[in-house]
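This is coords.tsv. It holds TSV, C-alpha atoms.
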```
chain	number	residue	atom	x	y	z
A	1	MET	CA	-3.51	-1.83	-9.82
A	2	ARG	CA	-2.28	-2.65	-6.37
A	3	ILE	CA	-2.81	-1.56	-2.82
A	4	VAL	CA	-0.05	0.59	-1.43
A	5	VAL	CA	1.55	-0.04	1.94
A	6	ALA	CA	2.23	3.06	3.96
A	7	ALA	CA	5.77	4.02	4.82
A	8	LEU	CA	6.47	3.57	8.50
A	9	ALA	CA	6.89	6.98	10.01
A	10	VAL	CA	10.05	6.26	11.94
A	11	ALA	CA	13.28	8.24	11.80
A	12	LEU	CA	16.23	6.10	10.78
A	13	ALA	CA	18.93	8.14	12.43
A	14	ALA	CA	19.97	5.03	14.30
A	15	ALA	CA	20.10	2.82	11.23
A	16	CYS	CA	23.84	2.31	11.55
A	17	THR	CA	23.87	2.11	15.34
A	18	THR	CA	24.38	-1.18	17.13
A	19	THR	CA	22.61	-1.76	20.41
A	20	GLU	CA	24.01	-3.85	23.21
A	21	GLU	CA	22.14	-6.10	25.59
A	22	GLN	CA	21.03	-4.03	28.55
A	23	PRO	CA	22.41	-5.13	31.91
A	24	VAL	CA	20.10	-6.68	34.46
A	25	GLY	CA	18.47	-3.89	36.40
A	26	ALA	CA	18.65	-1.38	33.56
A	27	SER	CA	16.29	1.52	34.17
A	28	LYS	CA	12.99	1.79	32.33
A	29	PRO	CA	14.14	4.84	30.32
A	30	ASP	CA	17.24	2.90	29.23
A	31	LEU	CA	15.14	-0.07	28.10
A	32	GLU	CA	12.69	2.20	26.27
A	33	GLU	CA	15.53	3.88	24.39
A	34	ALA	CA	17.10	0.52	23.56
A	35	ALA	CA	13.71	-0.69	22.32
A	36	ARG	CA	13.32	2.36	20.11
A	37	LEU	CA	16.77	1.87	18.60
A	38	ASN	CA	16.15	-1.82	17.98
A	39	ALA	CA	12.82	-1.00	16.36
A	40	GLN	CA	14.52	1.49	14.06
A	41	LEU	CA	17.13	-1.10	13.13
A	42	GLY	CA	14.40	-3.65	12.49
A	43	ILE	CA	12.55	-1.27	10.18
A	44	ASP	CA	15.76	-0.56	8.29
A	45	TYR	CA	16.39	-4.28	7.80
A	46	MET	CA	12.80	-4.74	6.67
A	47	ARG	CA	13.18	-2.01	4.05
A	48	ARG	CA	16.22	-3.87	2.73
A	49	GLY	CA	14.22	-7.10	2.52
A	50	GLN	CA	16.26	-8.72	5.31
A	51	PHE	CA	13.23	-10.06	7.14
A	52	GLU	CA	14.92	-12.46	9.55
A	53	LEU	CA	17.24	-9.75	10.82
A	54	ALA	CA	14.26	-7.42	11.02
A	55	LEU	CA	12.36	-9.94	13.12
A	56	GLU	CA	15.31	-10.40	15.45
A	57	LYS	CA	15.56	-6.68	16.18
A	58	LEU	CA	11.81	-6.11	16.40
A	59	ARG	CA	11.29	-9.02	18.78
A	60	LYS	CA	14.06	-7.65	20.95
A	61	ALA	CA	12.43	-4.22	20.88
A	62	ILE	CA	9.11	-5.68	22.04
A	63	ASP	CA	10.86	-7.66	24.80
A	64	GLN	CA	12.43	-4.43	26.00
A	65	ASP	CA	9.25	-2.35	25.76
A	66	ASP	CA	6.01	-4.16	25.05
A	67	ASP	CA	4.19	-0.81	24.87
A	68	LEU	CA	6.16	0.44	21.85
A	69	ALA	CA	3.45	0.77	19.21
A	70	MET	CA	5.82	1.29	16.29
A	71	ALA	CA	7.58	-2.02	17.03
A	72	HIS	CA	4.28	-3.89	16.95
A	73	SER	CA	3.27	-2.09	13.76
A	74	ALA	CA	6.57	-2.88	12.07
A	75	ILE	CA	6.70	-6.53	13.10
A	76	ALA	CA	3.10	-6.94	11.90
A	77	LEU	CA	4.19	-5.74	8.46
A	78	VAL	CA	7.11	-8.18	8.44
A	79	TYR	CA	4.81	-11.07	9.37
A	80	GLN	CA	2.36	-9.92	6.70
A	81	ARG	CA	5.07	-10.04	4.04
A	82	LYS	CA	6.15	-13.47	5.25
A	83	GLY	CA	2.57	-14.75	4.98
A	84	GLU	CA	2.17	-15.32	8.72
A	85	SER	CA	-1.33	-13.91	8.95
A	86	LYS	CA	-2.22	-14.76	12.55
A	87	LEU	CA	0.88	-13.06	13.91
A	88	ALA	CA	0.42	-10.07	11.62
A	89	ASP	CA	-3.18	-9.64	12.79
A	90	LYS	CA	-2.16	-9.96	16.43
A	91	HIS	CA	0.52	-7.28	16.24
A	92	TYR	CA	-1.52	-4.86	14.12
A	93	ARG	CA	-4.26	-5.00	16.74
A	94	GLU	CA	-1.72	-4.56	19.53
A	95	ALA	CA	-0.20	-1.55	17.78
A	96	LEU	CA	-3.63	0.05	17.36
A	97	SER	CA	-4.56	-0.69	20.98
A	98	LEU	CA	-1.50	1.35	21.95
A	99	ASN	CA	-1.96	4.10	19.35
A	100	SER	CA	-5.40	3.86	17.78
A	101	ASN	CA	-4.96	6.85	15.48
A	102	ASP	CA	-1.64	6.09	13.78
A	103	ALA	CA	-2.45	6.65	10.11
A	104	GLY	CA	0.39	4.49	8.81
A	105	THR	CA	-0.61	1.51	10.95
A	106	LEU	CA	-4.27	1.97	9.98
A	107	THR	CA	-3.36	2.04	6.29
A	108	ASN	CA	-1.20	-1.06	6.53
A	109	PHE	CA	-3.81	-2.90	8.61
A	110	GLY	CA	-6.34	-2.02	5.92
A	111	VAL	CA	-4.05	-3.54	3.29
A	112	PHE	CA	-3.75	-6.66	5.42
A	113	LEU	CA	-7.51	-6.95	5.96
A	114	CYS	CA	-8.20	-6.47	2.27
A	115	GLY	CA	-5.72	-9.22	1.43
A	116	GLN	CA	-7.55	-11.49	3.88
A	117	GLY	CA	-10.84	-10.82	2.10
A	118	GLU	CA	-12.25	-8.80	5.00
A	119	ILE	CA	-13.42	-6.04	2.67
A	120	ASP	CA	-15.87	-4.24	4.95
A	121	ASP	CA	-13.36	-4.02	7.80
A	122	ALA	CA	-10.63	-2.95	5.37
A	123	GLU	CA	-12.83	-0.17	3.98
A	124	GLU	CA	-13.61	1.12	7.47
A	125	THR	CA	-9.92	1.02	8.40
A	126	PHE	CA	-8.81	2.87	5.26
A	127	LEU	CA	-11.42	5.57	5.89
A	128	ARG	CA	-10.19	6.03	9.46
A	129	ALA	CA	-6.68	6.51	8.06
A	130	ALA	CA	-7.82	8.82	5.26
A	131	ARG	CA	-9.80	11.11	7.58
A	132	HIS	CA	-7.24	11.34	10.35
A	133	LYS	CA	-6.01	14.90	10.77
A	134	ASP	CA	-2.37	13.84	11.17
A	135	ASN	CA	-2.22	11.73	7.99
A	136	GLN	CA	0.24	13.51	5.72
A	137	ILE	CA	-0.59	11.35	2.69
A	138	PRO	CA	-4.36	10.74	2.91
A	139	ALA	CA	-4.56	10.20	-0.86
A	140	ASP	CA	-2.94	6.78	-0.40
A	141	ALA	CA	-5.62	5.68	2.05
A	142	TRP	CA	-8.44	6.95	-0.21
A	143	ALA	CA	-6.90	5.20	-3.22
A	144	ASN	CA	-6.39	1.98	-1.27
A	145	ALA	CA	-10.06	1.99	-0.28
A	146	GLY	CA	-11.04	2.34	-3.93
A	147	VAL	CA	-8.68	-0.37	-5.11
A	148	CYS	CA	-9.78	-2.74	-2.34
A	149	LEU	CA	-13.41	-2.43	-3.42
A	150	ARG	CA	-12.69	-2.83	-7.13
A	151	ASN	CA	-14.08	-6.37	-7.27
A	152	THR	CA	-17.18	-5.60	-5.19
A	153	PRO	CA	-19.89	-4.64	-7.72
A	154	LYS	CA	-22.31	-3.24	-5.14
A	155	ALA	CA	-19.59	-0.92	-3.83
A	156	ARG	CA	-18.43	0.37	-7.22
A	157	GLU	CA	-19.94	3.82	-6.75
A	158	ARG	CA	-18.29	4.24	-3.34
A	159	ALA	CA	-15.00	2.97	-4.74
A	160	GLU	CA	-15.01	5.52	-7.53
A	161	GLY	CA	-15.81	8.24	-5.02
A	162	TYR	CA	-12.78	7.25	-2.95
A	163	LEU	CA	-10.56	7.28	-6.02
A	164	ARG	CA	-11.80	10.70	-7.06
A	165	GLU	CA	-11.03	12.00	-3.59
A	166	ALA	CA	-7.51	10.58	-3.90
A	167	LEU	CA	-7.11	12.39	-7.23
A	168	ARG	CA	-8.48	15.62	-5.77
A	169	LEU	CA	-5.75	15.47	-3.15
A	170	ASN	CA	-3.07	14.22	-5.56
A	171	PRO	CA	-3.96	14.55	-9.27
A	172	LYS	CA	-0.94	12.41	-10.20
A	173	HIS	CA	-1.74	9.49	-7.89
A	174	ALA	CA	-0.75	6.51	-10.03
A	175	ASN	CA	-2.87	3.88	-8.31
A	176	ALA	CA	-5.99	6.01	-8.45
A	177	LEU	CA	-5.45	6.90	-12.12
A	178	ALA	CA	-4.83	3.30	-13.17
A	179	THR	CA	-7.85	2.02	-11.27
A	180	MET	CA	-10.10	4.75	-12.68
A	181	ALA	CA	-8.87	3.78	-16.15
A	182	GLN	CA	-9.92	0.20	-15.43
A	183	TYR	CA	-13.32	1.28	-14.13
A	184	SER	CA	-13.90	3.48	-17.19
A	185	PHE	CA	-12.83	0.67	-19.49
A	186	ASP	CA	-15.25	-1.72	-17.79
A	187	LYS	CA	-18.04	0.77	-18.52
A	188	LYS	CA	-16.92	1.04	-22.16
A	189	ASP	CA	-16.28	4.74	-21.58
A	190	TYR	CA	-13.21	4.62	-23.80
A	191	LEU	CA	-12.58	8.35	-24.12
A	192	ARG	CA	-12.43	8.67	-20.36
A	193	THR	CA	-10.22	5.57	-20.19
A	194	ARG	CA	-7.81	7.17	-22.64
A	195	ALA	CA	-7.74	10.37	-20.58
A	196	PHE	CA	-6.94	8.53	-17.35
A	197	LEU	CA	-4.19	6.51	-19.06
A	198	GLN	CA	-2.65	9.62	-20.56
A	199	ARG	CA	-2.53	11.22	-17.12
A	200	TYR	CA	-1.10	8.02	-15.66
A	201	GLU	CA	1.71	7.76	-18.19
A	202	ILE	CA	2.90	11.32	-17.58
A	203	SER	CA	4.27	10.44	-14.16
A	204	SER	CA	4.29	6.63	-13.86
A	205	ARG	CA	5.88	3.65	-15.52
A	206	PRO	CA	3.39	1.50	-17.43
A	207	THR	CA	2.35	-1.89	-16.19
A	208	ALA	CA	1.30	-4.83	-18.30
A	209	GLN	CA	-2.28	-4.15	-17.31
A	210	THR	CA	-2.26	-0.45	-18.24
A	211	LEU	CA	-0.66	-1.25	-21.60
A	212	TRP	CA	-3.25	-3.96	-22.28
A	213	ILE	CA	-6.09	-1.59	-21.37
A	214	GLY	CA	-4.52	1.06	-23.59
A	215	ALA	CA	-4.35	-1.30	-26.56
A	216	GLN	CA	-7.96	-2.44	-26.15
A	217	THR	CA	-9.15	1.14	-25.64
A	218	GLU	CA	-7.46	2.42	-28.79
A	219	ARG	CA	-8.87	-0.48	-30.81
A	220	ALA	CA	-12.34	0.39	-29.52
A	221	LEU	CA	-11.78	4.03	-30.51
A	222	GLY	CA	-10.49	3.03	-33.96
A	223	ASP	CA	-6.90	4.26	-33.55
A	224	MET	CA	-5.15	1.13	-34.78
A	225	GLN	CA	-1.72	2.80	-34.95
A	226	MET	CA	-1.85	3.68	-31.26
A	227	ALA	CA	-3.26	0.24	-30.42
A	228	ARG	CA	-0.32	-1.44	-32.16
A	229	SER	CA	2.07	0.87	-30.33
A	230	TYR	CA	0.65	-0.26	-26.99
A	231	GLU	CA	0.87	-3.90	-28.12
A	232	ARG	CA	4.52	-3.54	-29.15
A	233	ARG	CA	5.36	-2.02	-25.79
A	234	LEU	CA	3.49	-4.79	-24.00
A	235	ARG	CA	5.43	-7.51	-25.85
A	236	SER	CA	8.74	-5.69	-25.41
A	237	GLU	CA	8.46	-4.62	-21.77
A	238	PHE	CA	6.42	-7.50	-20.34
A	239	PRO	CA	7.09	-10.55	-22.53
A	240	GLU	CA	6.15	-12.99	-19.75
A	241	SER	CA	2.89	-11.34	-18.71
A	242	PRO	CA	-0.45	-13.08	-19.28
A	243	GLU	CA	-1.70	-9.95	-21.05
```
Go through the file and emit its structure as structure tokens.
Amino acid sequence: MRIVVAALAVALAAACTTTEEQPVGASKPDLEEAARLNAQLGIDYMRRGQFELALEKLRKAIDQDDDLAMAHSAIALVYQRKGESKLADKHYREALSLNSNDAGTLTNFGVFLCGQGEIDDAEETFLRAARHKDNQIPADAWANAGVCLRNTPKARERAEGYLREALRLNPKHANALATMAQYSFDKKDYLRTRAFLQRYEISSRPTAQTLWIGAQTERALGDMQMARSYERRLRSEFPESPE
């Protein structure tokens, strides 16, 4: 189970456009448009995993328009993926100071906070994202809140509630299904674990963890043939996994 980063809601119509340095004295509208195009280019490079090029374009975008929230949000995600936590935190907060209700930025900031061990702040941030009226994929934020709290015993009931809300909104949500399978397995509720895994496998590729849970669940339920099937798949598909 993993926390899901939100897609940045930025059109990539300019993905193949090159921007030129603006002449001295360029008007504010010209600089704002150049910043927007550079931000779009930076996001496209980031999606390709070309982080240095992404940083170059996003820094240029911020130089051209320091009030461009999407540039701060995008560069924060790049710094997060590069492990530069202080810079990621700085730019997430700057992005939210400029646009406090952007659901994508809130979701990604929640992912960042959870990764930093700031669980309470992450939970609050995910809930802000989940409840925002303009969030087109609130199930991701609900599921992320549940996954983030998975190792917090006192919050287990809240976590399951968040995951169930994610599944109400999207019954095929892979992260929510896999995490609910883990929770059910931890409770030794093996029939419910089986049901969640069956739903998960209809629409998602297995992971080493889901296959391991499946094998242990079927052994607990006495279906040794199915348990061995899970074990064969685990050895075949994930030979290097600790499971």
(4.7, 1.1, 14.1) in this file's frame - what residues fall within 7 Å of it? Use all atoms listed in the file and give the answer as a PyMOL selection string. chain A and resi 8+69-74+95+105
Distance query segment 47-56 of chain A at most 8 Å, only C-alpha atoms, self and fewer than 4 positions along chain excluded, as a VMD selection string: chain A and resid 41 to 43 60 75 78
In Å, with one decimal, what is the gap from atom CA of Ala141 of chain A to atom CA of Tyr200 of chain A? 18.4 Å
List every protein, DNA or RNA residue that has at least one atom no more than 12 Å from (-1.3, 9.5, -6.1) in the file's coordinates, counting all atoms listed in the file, and write the result as a PyMOL selection string. chain A and resi 3-4+137-144+163-180+199-200+203-204
Counting only C-alpha atoms, figure out which residue out of A:Thr152, A:Thr217, A:Gln209, A:Thr193 gets nearest to Glu118 of chain A.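 Looking at the shortest contact to Glu118 of chain A, the residue is A:Thr152.
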Go ahead and compute the interatomic distance for atom CA of Leu31 of chain A and atom CA of Gln64 of chain A, in Å to one decimal.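 If I compute the distance from atom CA of Leu31 of chain A to atom CA of Gln64 of chain A, I get 5.5 Å.
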If you count all atoms listed in the file, the residue of A:Gln40, A:Glu243, A:Ile202, A:Asp189 closest to Ala215 of chain A turns out to be A:Glu243
Figure out the distance between atom CA of Tyr162 of chain A and atom CA of Lys187 of chain A, please, to one decimal in Å.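 Rounded to one decimal, the two atoms are 17.7 Å apart.
Of the residues under consideration (A:Arg228, A:Arg194, A:Arg36, A:Arg235), A:Arg194 shows the shortest atom-to-atom contact distance to Ile213 of chain A when counting all atoms listed in the file.
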